[in-house]
Amino acid sequence: MSIRVRFAPSPTGSLHLGVVRTAIFNYLFSKKNKGKLILRIEDTDKERSTNDSFNEIISNLSWLGIDWDEGPIKQSDRLDIYDKFASLLISEGKAYRCYASQDEINLLKEKAKLENKIYRYPRIWRDKTERPSNQEYVVRFKTPDNEEVEFKDSLRGKISINSSNIDDFIILKSDGFPTYNFASSIDDIEMGITNVIRGEDHLSNTPKQVLIFNALKKNIPEFTHVSMILGKDKTKLSKRHGAESIQSFKDKGFLPISIINYLTRLGWSHGDQEIFALDELKELFTIDNLNKSPAVFDIEKFKWVNSSHIKNIPNSELIKRLDISLIPDVDVEKALTYIKEKSGDINQIRDSLKFCETHKILINEDLLNSVTKDQKEILSNFSNFYNNASPKTVEQIKDSFNEFLNLHNLKMKELAFPLRIILTGSKKSPGIFEILDILGVKIVIERIKEYC
Ligand code: GLU
């Protein structure tokens, strides 16, 4: 049987790390098993679903490179399908219309609260045959009494719960929209889903979904409920722990592969290996290596994973991602090779390369004023010396630099500090020999002339 999995986000807010990790696990599982990934948009919560959130899901998944084989399929476009299945269940006596008003339900809930009891819908309409006209209704599932509801979770083994613990839950709301549990099971059936990989927070929903599968005599998919991601203090992951939306990590200069790599490792392992290429993950990913206990998010490690990938990224790809153009005389290959080695993220690389983007660099006034008259004189002398030497390789650059220091009895920083400011407009930039190598003799001389 060919594998079919789905990623089923609700478009009710920003795409967060936990949700994206679920997408990644489904994606890797489908690739590893040569299966299909379906993108299903669970937008049946009319109040909370937004188009902006839908667009954000699509653009973030595309940016990450998580491509799907079918979809996006919106549940709001499939109301007639849920309606058809609800009618089928009603006709088979497995579901029923409930005309209890919201006020009536609220009163029952209050009563239960006063009596310190857990509210259970008292099955008012379960066995009635009349159909009041012009009265709103919901459709409820007729939960069987005292039946063992069983399913297999790949990480937790066989799970069994007695149906007496489950209410006659609503499957269609009064506006004709399905509830999550109903739409999810109908779609899993209709879309031929073989494996459901989702967050552990849905474990409590699964028995209701299994009841629907059983009522419709359909095969139950294999469930995998993956552990939650927690903050370092073992509480629910939030912004406080540095966990923001994918969009904000993108804005901060994280690479898609760093996000995929880090999130995959958060809850899955392959020995002690930390850094993976995407193709490697597609090849290695297995459910068996998922971890049952919660994963702990560590922003420092996330940054480290990102900087490791930055160092590995080919220059041809890096320059595209940076979306910048360097002035023609600059040695682009050298610039990227040197700078990526020292940068933790894409934004840092972009900042560090600012001095290569224009001929006339802007130097902040205070910084420029920090270069003294004497230093300017040293720089002018250096400029003549350097022009004559015209070094070609980084070794030759070092040699002529040191020769100049010896000749004038100067310490390294007496030349390097003002030279760096004049050449880059910044105090912190790559090493001085690297700057000289990137810019080439001609630009170095031009910049010194301009300011000294
Ligand atoms: N829409 C649900 C969510 O975003 C998906 C649950 C599921 O995968 O079944 O949490």
# chains A, B, ... in the order shown; residues from 1 in each chain; ligands from 1

$ residues_around --residues "A:Asn195" --least-positions-apart "6" --cutoff "8 Å" --atoms "only C-alpha atoms" --output "tab-separated table (two decimals) with N, CA, C and O atoms, in the first residue's frame"
chain	number	residue	atom	x	y	z
A	3	ILE	N	2.11	4.93	0.74
A	3	ILE	CA	1.95	5.79	1.91
A	3	ILE	C	1.32	7.13	1.52
A	3	ILE	O	1.72	7.76	0.53
A	4	ARG	N	0.32	7.55	2.29
A	4	ARG	CA	-0.28	8.88	2.09
A	4	ARG	C	-0.39	9.55	3.46
A	4	ARG	O	-1.03	9.04	4.37
A	5	VAL	N	0.27	10.69	3.59
A	5	VAL	CA	0.20	11.43	4.85
A	5	VAL	C	-0.33	12.83	4.58
A	5	VAL	O	-0.44	13.25	3.43
A	221	PRO	N	-6.08	4.63	10.22
A	221	PRO	CA	-4.66	4.84	9.85
A	221	PRO	C	-3.75	4.55	11.03
A	221	PRO	O	-4.21	4.44	12.17
A	222	GLU	N	-2.47	4.47	10.77
A	222	GLU	CA	-1.53	4.30	11.87
A	222	GLU	C	-1.24	5.69	12.44
A	222	GLU	O	-0.88	6.61	11.71
A	223	PHE	N	-1.42	5.84	13.74
A	223	PHE	CA	-1.22	7.15	14.36
A	223	PHE	C	0.18	7.25	14.96
A	223	PHE	O	0.70	6.29	15.51
A	224	THR	N	0.75	8.43	14.85
A	224	THR	CA	2.00	8.74	15.55
A	224	THR	C	1.81	10.09	16.21
A	224	THR	O	1.66	11.10	15.51

$ residues_around --residues "A:Asn384" --least-positions-apart "2" --cutoff "12 Å" --atoms "only C-alpha atoms" --output "MDAnalysis selection string"
chainID A and resid 377:382 386:390 400 404 441:442 444:446 448:449

$ residues_around --residues "stretch 297-310 of chain A" --least-positions-apart "6" --cutoff "7 Å" --atoms "only C-alpha atoms" --output "list in words"
Ile229, Leu230, Gly231, Lys232, Gly242, Phe254, Leu255, Ser258, Tyr262, Ile275, Lys340, Ser343, Gly344 and Asp345 of chain A

$ atom_distance --atom1 "atom CA of A:Lys94" --atom2 "atom CA of A:Phe141"
6.4 Å

$ atom_distance --atom1 "atom CA of A:Val138" --atom2 "atom CA of A:Gly176"
8.0 Å

$ atom_distance --atom1 "atom CA of A:Ile432" --atom2 "atom CA of A:Leu367"
16.9 Å

$ residues_near_ligand --ligand "ligand 1" --cutoff "10 Å" --atoms "only C-alpha atoms and all ligand atoms" --output "ChimeraX atom specification"
/A:5-12,15,18-19,22-23,40-45,180-181,183-185,187-188,196-203,205-206,209,223,225

$ residues_around --residues "A:Lys342" --least-positions-apart "6" --cutoff "10 Å" --atoms "only C-alpha atoms" --output "PDB file with C-alpha atoms, in the first residue's frame"
ATOM      1  CA  SER A 307      25.944  28.893  11.536  1.00  0.00           C
ATOM      2  CA  ILE A 310      25.939  28.823   6.637  1.00  0.00           C
ATOM      3  CA  LYS A 311      29.550  27.619   6.453  1.00  0.00           C
ATOM      4  CA  GLN A 348      25.211  39.124   9.546  1.00  0.00           C
ATOM      5  CA  ILE A 349      26.722  38.180   6.194  1.00  0.00           C
ATOM      6  CA  SER A 352      29.501  42.341   6.861  1.00  0.00           C
ATOM      7  CA  SER A 429      34.525  43.307  10.157  1.00  0.00           C
ATOM      8  CA  PRO A 430      36.576  40.432   8.808  1.00  0.00           C
ATOM      9  CA  GLY A 431      40.300  40.290   9.555  1.00  0.00           C
TER      10      GLY A 431
END

$ select_by_dssp --residues "stretch 232-359 of chain A" --states "strand (DSSP E or B)" --output "PyMOL selection string"
chain A and resi 236+245+268+290+295-296

$ write_last_selection --atoms "all heavy atoms" --output "PDB file, in the first residue's frame"
ATOM      1  N   LYS A 236       5.483  25.016  28.587  1.00  0.00           N
ATOM      2  CA  LYS A 236       5.067  25.057  27.178  1.00  0.00           C
ATOM      3  C   LYS A 236       5.903  26.091  26.415  1.00  0.00           C
ATOM      4  O   LYS A 236       6.119  27.200  26.901  1.00  0.00           O
ATOM      5  CB  LYS A 236       3.577  25.420  27.138  1.00  0.00           C
ATOM      6  CG  LYS A 236       2.951  25.217  25.806  1.00  0.00           C
ATOM      7  CD  LYS A 236       1.431  25.405  25.931  1.00  0.00           C
ATOM      8  CE  LYS A 236       0.787  25.369  24.569  1.00  0.00           C
ATOM      9  NZ  LYS A 236       0.577  26.603  23.911  1.00  0.00           N
ATOM     10  N   SER A 245       7.706  32.850  15.452  1.00  0.00           N
ATOM     11  CA  SER A 245       7.152  32.216  14.258  1.00  0.00           C
ATOM     12  C   SER A 245       8.272  31.945  13.253  1.00  0.00           C
ATOM     13  O   SER A 245       9.365  32.513  13.344  1.00  0.00           O
ATOM     14  CB  SER A 245       6.117  33.140  13.636  1.00  0.00           C
ATOM     15  OG  SER A 245       6.768  34.311  13.202  1.00  0.00           O
ATOM     16  N   TRP A 268      13.827  13.722  17.240  1.00  0.00           N
ATOM     17  CA  TRP A 268      14.251  12.584  16.414  1.00  0.00           C
ATOM     18  C   TRP A 268      15.764  12.536  16.437  1.00  0.00           C
ATOM     19  O   TRP A 268      16.397  13.595  16.558  1.00  0.00           O
ATOM     20  CB  TRP A 268      13.761  12.788  14.969  1.00  0.00           C
ATOM     21  CG  TRP A 268      14.254  11.755  13.995  1.00  0.00           C
ATOM     22  CD1 TRP A 268      13.667  10.565  13.706  1.00  0.00           C
ATOM     23  CD2 TRP A 268      15.431  11.832  13.163  1.00  0.00           C
ATOM     24  NE1 TRP A 268      14.405   9.893  12.766  1.00  0.00           N
ATOM     25  CE2 TRP A 268      15.494  10.654  12.405  1.00  0.00           C
ATOM     26  CE3 TRP A 268      16.437  12.779  12.990  1.00  0.00           C
ATOM     27  CZ2 TRP A 268      16.512  10.383  11.506  1.00  0.00           C
ATOM     28  CZ3 TRP A 268      17.460  12.518  12.086  1.00  0.00           C
ATOM     29  CH2 TRP A 268      17.494  11.338  11.341  1.00  0.00           C
ATOM     30  N   LEU A 290      11.920   8.415  16.542  1.00  0.00           N
ATOM     31  CA  LEU A 290      11.299   9.567  17.216  1.00  0.00           C
ATOM     32  C   LEU A 290      11.353   9.306  18.715  1.00  0.00           C
ATOM     33  O   LEU A 290      11.253   8.169  19.172  1.00  0.00           O
ATOM     34  CB  LEU A 290       9.844   9.726  16.780  1.00  0.00           C
ATOM     35  CG  LEU A 290       9.611  10.361  15.407  1.00  0.00           C
ATOM     36  CD1 LEU A 290       8.142  10.251  15.041  1.00  0.00           C
ATOM     37  CD2 LEU A 290      10.046  11.822  15.387  1.00  0.00           C
ATOM     38  N   ALA A 295      10.694  17.258  23.821  1.00  0.00           N
ATOM     39  CA  ALA A 295      11.966  17.826  23.369  1.00  0.00           C
ATOM     40  C   ALA A 295      12.114  19.220  23.972  1.00  0.00           C
ATOM     41  O   ALA A 295      11.117  19.894  24.226  1.00  0.00           O
ATOM     42  CB  ALA A 295      11.954  17.907  21.857  1.00  0.00           C
ATOM     43  N   VAL A 296      13.348  19.632  24.206  1.00  0.00           N
ATOM     44  CA  VAL A 296      13.571  20.950  24.814  1.00  0.00           C
ATOM     45  C   VAL A 296      14.235  21.897  23.806  1.00  0.00           C
ATOM     46  O   VAL A 296      15.284  21.583  23.248  1.00  0.00           O
ATOM     47  CB  VAL A 296      14.433  20.828  26.091  1.00  0.00           C
ATOM     48  CG1 VAL A 296      14.757  22.200  26.655  1.00  0.00           C
ATOM     49  CG2 VAL A 296      13.697  19.990  27.135  1.00  0.00           C
TER      50      VAL A 296
END

$ residues_around --residues "A:Pro207" --least-positions-apart "2" --cutoff "12 Å" --atoms "only C-alpha atoms" --output "ChimeraX atom specification"
/A:143,147-153,159-167,169,181-182,185,202-205,209-214,220,223

$ residues_around --residues "A:Asp168" --least-positions-apart "4" --cutoff "10 Å" --atoms "only C-alpha atoms" --output "VMD selection string"
chain A and resid 95 to 96 120 to 123 126 139 to 144 163 to 164 208

$ write_last_selection --atoms "C-alpha atoms" --output "compact mmCIF listing (two decimals), in the first residue's frame"
# COMPACT_ATOMS: atom_id res chain seq x y z
CA ALA A 95 -25.79 9.92 14.66
CA TYR A 96 -28.77 12.14 15.41
CA ARG A 120 -22.00 15.34 30.11
CA TYR A 121 -24.59 15.96 27.42
CA PRO A 122 -27.55 13.98 28.75
CA ARG A 123 -28.48 12.52 25.36
CA ARG A 126 -30.61 10.58 21.15
CA VAL A 139 -25.68 16.64 14.62
CA ARG A 140 -24.26 14.47 17.39
CA PHE A 141 -22.48 11.17 17.17
CA LYS A 142 -24.28 8.33 18.93
CA THR A 143 -21.38 7.09 21.04
CA PRO A 144 -21.85 3.39 21.79
CA SER A 163 -16.45 4.60 25.12
CA SER A 164 -18.37 5.39 28.32
CA LYS A 208 -13.50 10.13 18.84

$ residues_around --residues "A:Ile81" --least-positions-apart "3" --cutoff "12 Å" --atoms "only C-alpha atoms" --output "number ranges by chain"
A: 75-78, 84-88, 172, 176-178, 182-187, 189-191

$ select_by_dssp --residues "stretch 66-109 of chain A" --states "helix (DSSP H, G or I)" --output "ChimeraX atom specification"
/A:75-91,102-109

$ closest_residue --among "A:Asp288, A:Glu403, A:Glu414, A:Asp437" --to "A:Glu333" --atoms "only C-alpha atoms"
A:Asp437
